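*Asks:* Below: one structure in C-alpha cells.
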Amino acid sequence: MEIPIQSLHKPSNWAGNIVFAARTVERPRTIAELQDIVRWSGKIRVLGSGHSFNTIADTDDTLLILSDLERRIEIDPAARTVNVDGGATYADLAPILHASGFALHNVASLPNITIAGAVATATHGSGDANKNLAAAVSGIKLVTANGEILNLSRGDADFDGAVVSLGALGVICELTLDIVPSFEIRQNVYLDLPVSAVIDNFDALMSRAYSVSLFTRWQGAATDQIWVKALTSAGEPPADVLGARAATKACHPIPDMDGTNCTAQFGVAGPWHERLFHFAIGNTASAGAELQSEFFVKRSDAPAAIAALHAAQEHFSKALFISEVRSVAADALWLSSAYEQDTIGFHFTWHPEWKPTLAAVKAVEAALTPFNPRPHWAKLFTLPAATIEAAFPRLPDFRELAKRHDPEGKFRNRFVTELFFSQPA
Ligand SMILES: Cc1cc2nc3c(=O)[nH]c(=O)nc-3n(C[C@H](O)[C@H](O)[C@H](O)COP(=O)(O)OP(=O)(O)OC[C@H]3O[C@@H](n4cnc5c(N)ncnc54)[C@H](O)[C@@H]3O)c2cc1C
C-alpha cells in the first residue's frame with residue numbers, strides 16, 4: 001500500500017515552545033488505516049492533544065494524530081469499566097460517564113488532554129488515596145511495530161510495564177478504564193497558610209479531603225492558596241484550614257488571573273467532573289503562554305523537600321507563575337512517578353522565557369537531589385539519564401520490554417532514545 005504524504009504542515013504543542021519536525025502527518029479514520037500506516041512507516045510517534053512541554057511526542061518522520069478516529073465510549077455498567085478509543089479526551093468522556101451515573105476516580109487539572117496521552121506519561125491529579133490516571137487502566141490495545149494489535153489486561157506479565165509507555169511500545173488504539181459510581185464534590189479555597197504550618201502539619205493538610213492542592217509562588221514565608229475538594233458526604237466545609245482563611249472571590253491558581261475560568265468554588269456541591277478539574281470543560285486552562293516542570297518525591301520526604309525548596313526559593317521563584325503541591329498514591333506501573341511509593345509532586349508553571357526557566361529548573365533539581373526526584377515525563381527537566389535510571393527501578397525491565405515489542409525501534413524518538421537507550425547495558 002502506498003501511504004500518501006498528507007500534509008507538510010508542521011504542528012506545534014499547546015504551549016507553542018515545540019514545533020514538531022515531522023516529515024509526514026497522518027490522521028487515520030479507522031483502526032485498519034492506523035494499522036496500515038504503522039505497518040508501512042519508518043519511525044512513527046503519536047501526538048495526543050500536544051499538552052506536553054518537551055520533545056516527548058516529536059519525530060522527524062511520521063507523526064500520527066488520532067483525533068479523526070471515530071470516538072468510541074462504551075460503558076459496561078456491570079463490569080464498572082469504560083472502553084475509549086486512542087484519540088478520546090477527558091472532556092469527551094467525563095460528561096457521558098456522569099450522565100450514565102459513573103465517574104473516574106480522579107482527573108488532572110484540565111479536561112482537554114487525550115486519555116491515551118495522559119496515561120502514557122503518568123499524568124495525575126491529587127488525593128492521598130488517589131493513584132495517577134494510568135492506574136485506572138485495566139486493559140490496553142496497542143498497534144505494535146508490525147501493525148498487529150496486542151491486547152494486554154491487568155494481571156498479564158507485561159501489563160504493568162506497558163501502561164506508562166511514553167509512546168515507545170506502540171499506538172494505544174483502545175483503553176479500558178475502571179469507573180466508579182458518580183459522586184459530588186464541594187470545592188473551597190483557603191489563603192495564605194505559612195510555609196512553617198505546611199511543613200509542621202503536612203499529613204493533616206493533605207489528608208484533609210478527597211483531593212487537596214497547595215499553590216505557592218515560593219515567595220516570602222506564606223503559601224498562596226489551598227484548594228480543598230471534599231466529598232459532599234464529608235459535610236460542610238470548615239471556615240478555615242489550620243488558620244488559613246477562606247477565599248471570598250473565585251480564585252485562579254495563578255493569583256492575578258481571573259478565577260471565572262475555573263471550576264466552581266465556595267463549597268457549592270456539584271458533580272465530580274465540574275469540581276475535580278481545576279479548569280472547567282470548555283474554558284482556557286492555566287496561563288496559556290507558559291512552560292511547566294514537575295518533580296516527585298517519596299511522601300515521607302515531602303516536609304524536608306518543602307523546607308529545601310523554601311531555602312532555595314530565591315534561585316527559582318522569579319521565573320514562576322505558580323507552583324502546585326499534590327499527593328499521589330502508590331501504584332505498580334513500572335514508569336509511573338508513583339511506582340511503589342506514596343508520592344508528592346512539586347509542579348512549577350514557569351513564565352515562557354527559556355533562559356530563566358532553564359536556570360530555575362536546575363535550581364529546583366539541585367534542591368530536590370537529596371530526595372531522588374522523579375521527573376514528570378511530559379514536562380521540562382534536565383536530570384541526566386543515569387539519575388533517572390536510578391530513580392525508576394523497573395526502567396531496565398521497560399527497556400527489555402520495548403526491545404521485545406519493537407526490536408527495530410520504530411516507536412523510539414530522540415527523547416526516548418536519549419533517556420532509556422543511551423546507557424551502557
Ligand atoms: C495547562 C496544562 C495543565 C496540565 N495539568 C496536568 C496535571 O494536572 N497533571 C499532570 O500530571 N499533567 C498535567 N499536564 C501535562 C499533561 O497531562 C501531559 O502532557 C499529557 O501527556 C497530555 O496529554 P496529551 O494528549 O496532550 O499528550 P501529548 O503531549 O500529545 O503526548 C504525550 C505522550 O503520549 C504519547 N501518546 C499520546 N497519545 C498516544 C497514543 N494514542 N498511543 C501511544 N502514545 C501516545 C505521545 O507520543 C507522547 O509520548 C498539563 C499540561 C498542560 C499544558
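Quick note on naming: the chains in the C-alpha cells go A, B, ... in the order shown, residues restart at 1 in each chain, and ligands are numbered from 1 in order of appearance.
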According to DSSP computed on the backbone, where in region 326-401 of chain A is there alpha helix (DSSP H)? Give the residues as a PyMOL selection string.
*Replies:* chain A and resi 354-368+385-391+395-401
*Asks:* Within region 134-364 of chain A, find each residue whose DSSP state, derived from the backbone, is strand (DSSP E), and express the selection as a PyMOL selection string.
*Replies:* chain A and resi 137-143+149-153+171-178+180-181+184-191+211-216+225-231+240-241+244-246+270-271+291-298+320-328+343-350
*Asks:* For Val416 (chain A), work out the shell of residues within 10 Å, counting only C-alpha atoms and skipping chain neighbours fewer than 2 positions away, then give it as a list in words.
*Replies:*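 Residues meeting the cut-off are Thr55, Ile56, Ala57, Asp58, Ser165, Leu166, Gly167, Ala168, Trp377, Phe411, Arg412, Asn413, Arg414, Glu418, Leu419, Phe420, Phe421 and Ser422 of chain A.
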*Asks:* Check the smallest atom-to-atom distance from each of A:Leu291, A:Ile179, A:Ala269, A:Val189 to ligand 1 using only C-alpha atoms and all ligand atoms, then report the winner.
*Replies:*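 Closest to ligand 1, using only C-alpha atoms and all ligand atoms: A:Leu291.
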*Asks:* Using only C-alpha atoms and all ligand atoms, which of A:Arg154, A:His124, A:Arg399, A:Arg39 sits nearest ligand 1?
*Replies:*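 That would be A:His124, the residue with the smallest distance to ligand 1.
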*Asks:* Distance table requested - chain A against ligand 1, cut-off 7 Å, only C-alpha atoms and all ligand atoms: one row per qualifying residue with the closest atom pair and its distance in Å to one decimal, ordered by chain and rising residue number, as CSV.
*Replies:*
residue,atom,partner,partner_atom_place_in_ligand_line,distance
A:Trp14,CA,ligand 1,53 (C),6.2
A:Ala15,CA,ligand 1,53 (C),6.5
A:Arg45,CA,ligand 1,47 (O),5.1
A:Val46,CA,ligand 1,47 (O),4.1
A:Leu47,CA,ligand 1,30 (O),4.1
A:Gly48,CA,ligand 1,30 (O),3.2
A:Ser49,CA,ligand 1,26 (O),3.6
A:Gly50,CA,ligand 1,30 (O),3.4
A:His51,CA,ligand 1,26 (O),3.5
A:Ser52,CA,ligand 1,19 (O),3.4
A:Phe53,CA,ligand 1,19 (O),6.6
A:Ile56,CA,ligand 1,49 (O),4.6
A:Ala57,CA,ligand 1,48 (C),4.0
A:Leu66,CA,ligand 1,41 (N),6.8
A:Gly86,CA,ligand 1,41 (N),4.4
A:Gly87,CA,ligand 1,41 (N),6.0
A:Ala108,CA,ligand 1,8 (O),3.8
A:Ser109,CA,ligand 1,8 (O),3.7
A:Leu110,CA,ligand 1,3 (C),5.6
A:Ile113,CA,ligand 1,25 (O),4.3
A:Thr114,CA,ligand 1,25 (O),3.7
A:Ile115,CA,ligand 1,25 (O),6.4
A:Ala116,CA,ligand 1,38 (N),4.7
A:Gly117,CA,ligand 1,37 (C),3.4
A:Ala118,CA,ligand 1,20 (C),4.1
A:Ala120,CA,ligand 1,34 (O),4.8
A:Thr121,CA,ligand 1,21 (O),5.0
A:Ala122,CA,ligand 1,11 (O),6.3
A:Thr123,CA,ligand 1,11 (O),3.2
A:His124,CA,ligand 1,11 (O),4.0
A:Gly125,CA,ligand 1,8 (O),5.3
A:Leu166,CA,ligand 1,49 (O),4.3
A:Gly167,CA,ligand 1,44 (N),3.5
A:Gly170,CA,ligand 1,43 (C),5.8
A:Val171,CA,ligand 1,42 (N),3.7
A:Ile172,CA,ligand 1,42 (N),3.7
A:Cys173,CA,ligand 1,41 (N),5.7
A:Ala285,CA,ligand 1,1 (C),5.1
A:Ser286,CA,ligand 1,1 (C),5.1
A:Gly288,CA,ligand 1,1 (C),6.9
A:Ala378,CA,ligand 1,19 (O),4.6
A:Lys379,CA,ligand 1,19 (O),6.7
*Asks:* Could you give me, as an NGL selection string, the residues within 10 Å of Lys318 (chain A), counting only C-alpha atoms and dropping anything in the same chain fewer than 4 positions from it?
*Replies:* :A and (217-219 or 313-314 or 350-351 or 356-357 or 360)
*Asks:* How many Å lie between CA of His405 (chain A) and CA of Thr176 (chain A), rounded to one decimal?
*Replies:* 20.7 Å
*Asks:* Give me the residues near Ser182 (chain A) as a list in words, where near means some atom within 6 Å (using only C-alpha atoms) and where sequence neighbours in that chain fewer than 3 positions away do not count.
*Replies:*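 Once the nearby chain positions are removed, what remains is Gly101, Phe102 and Ala103 of chain A.
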*Asks:* Of the candidates A:Ala247, A:Val198, A:Asp342, A:Thr263, which one gets nearest to Ile306 (chain A) if we count only C-alpha atoms?
*Replies:*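 For Ile306 (chain A), the nearest of the candidates is A:Val198.
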*Asks:* What does the structure give for the distance between CA of Leu320 (chain A) and CA of Thr349 (chain A), in Å to one decimal?
*Replies:*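 Computing the Euclidean distance for CA of Leu320 (chain A) and CA of Thr349 (chain A) yields 6.0 Å.
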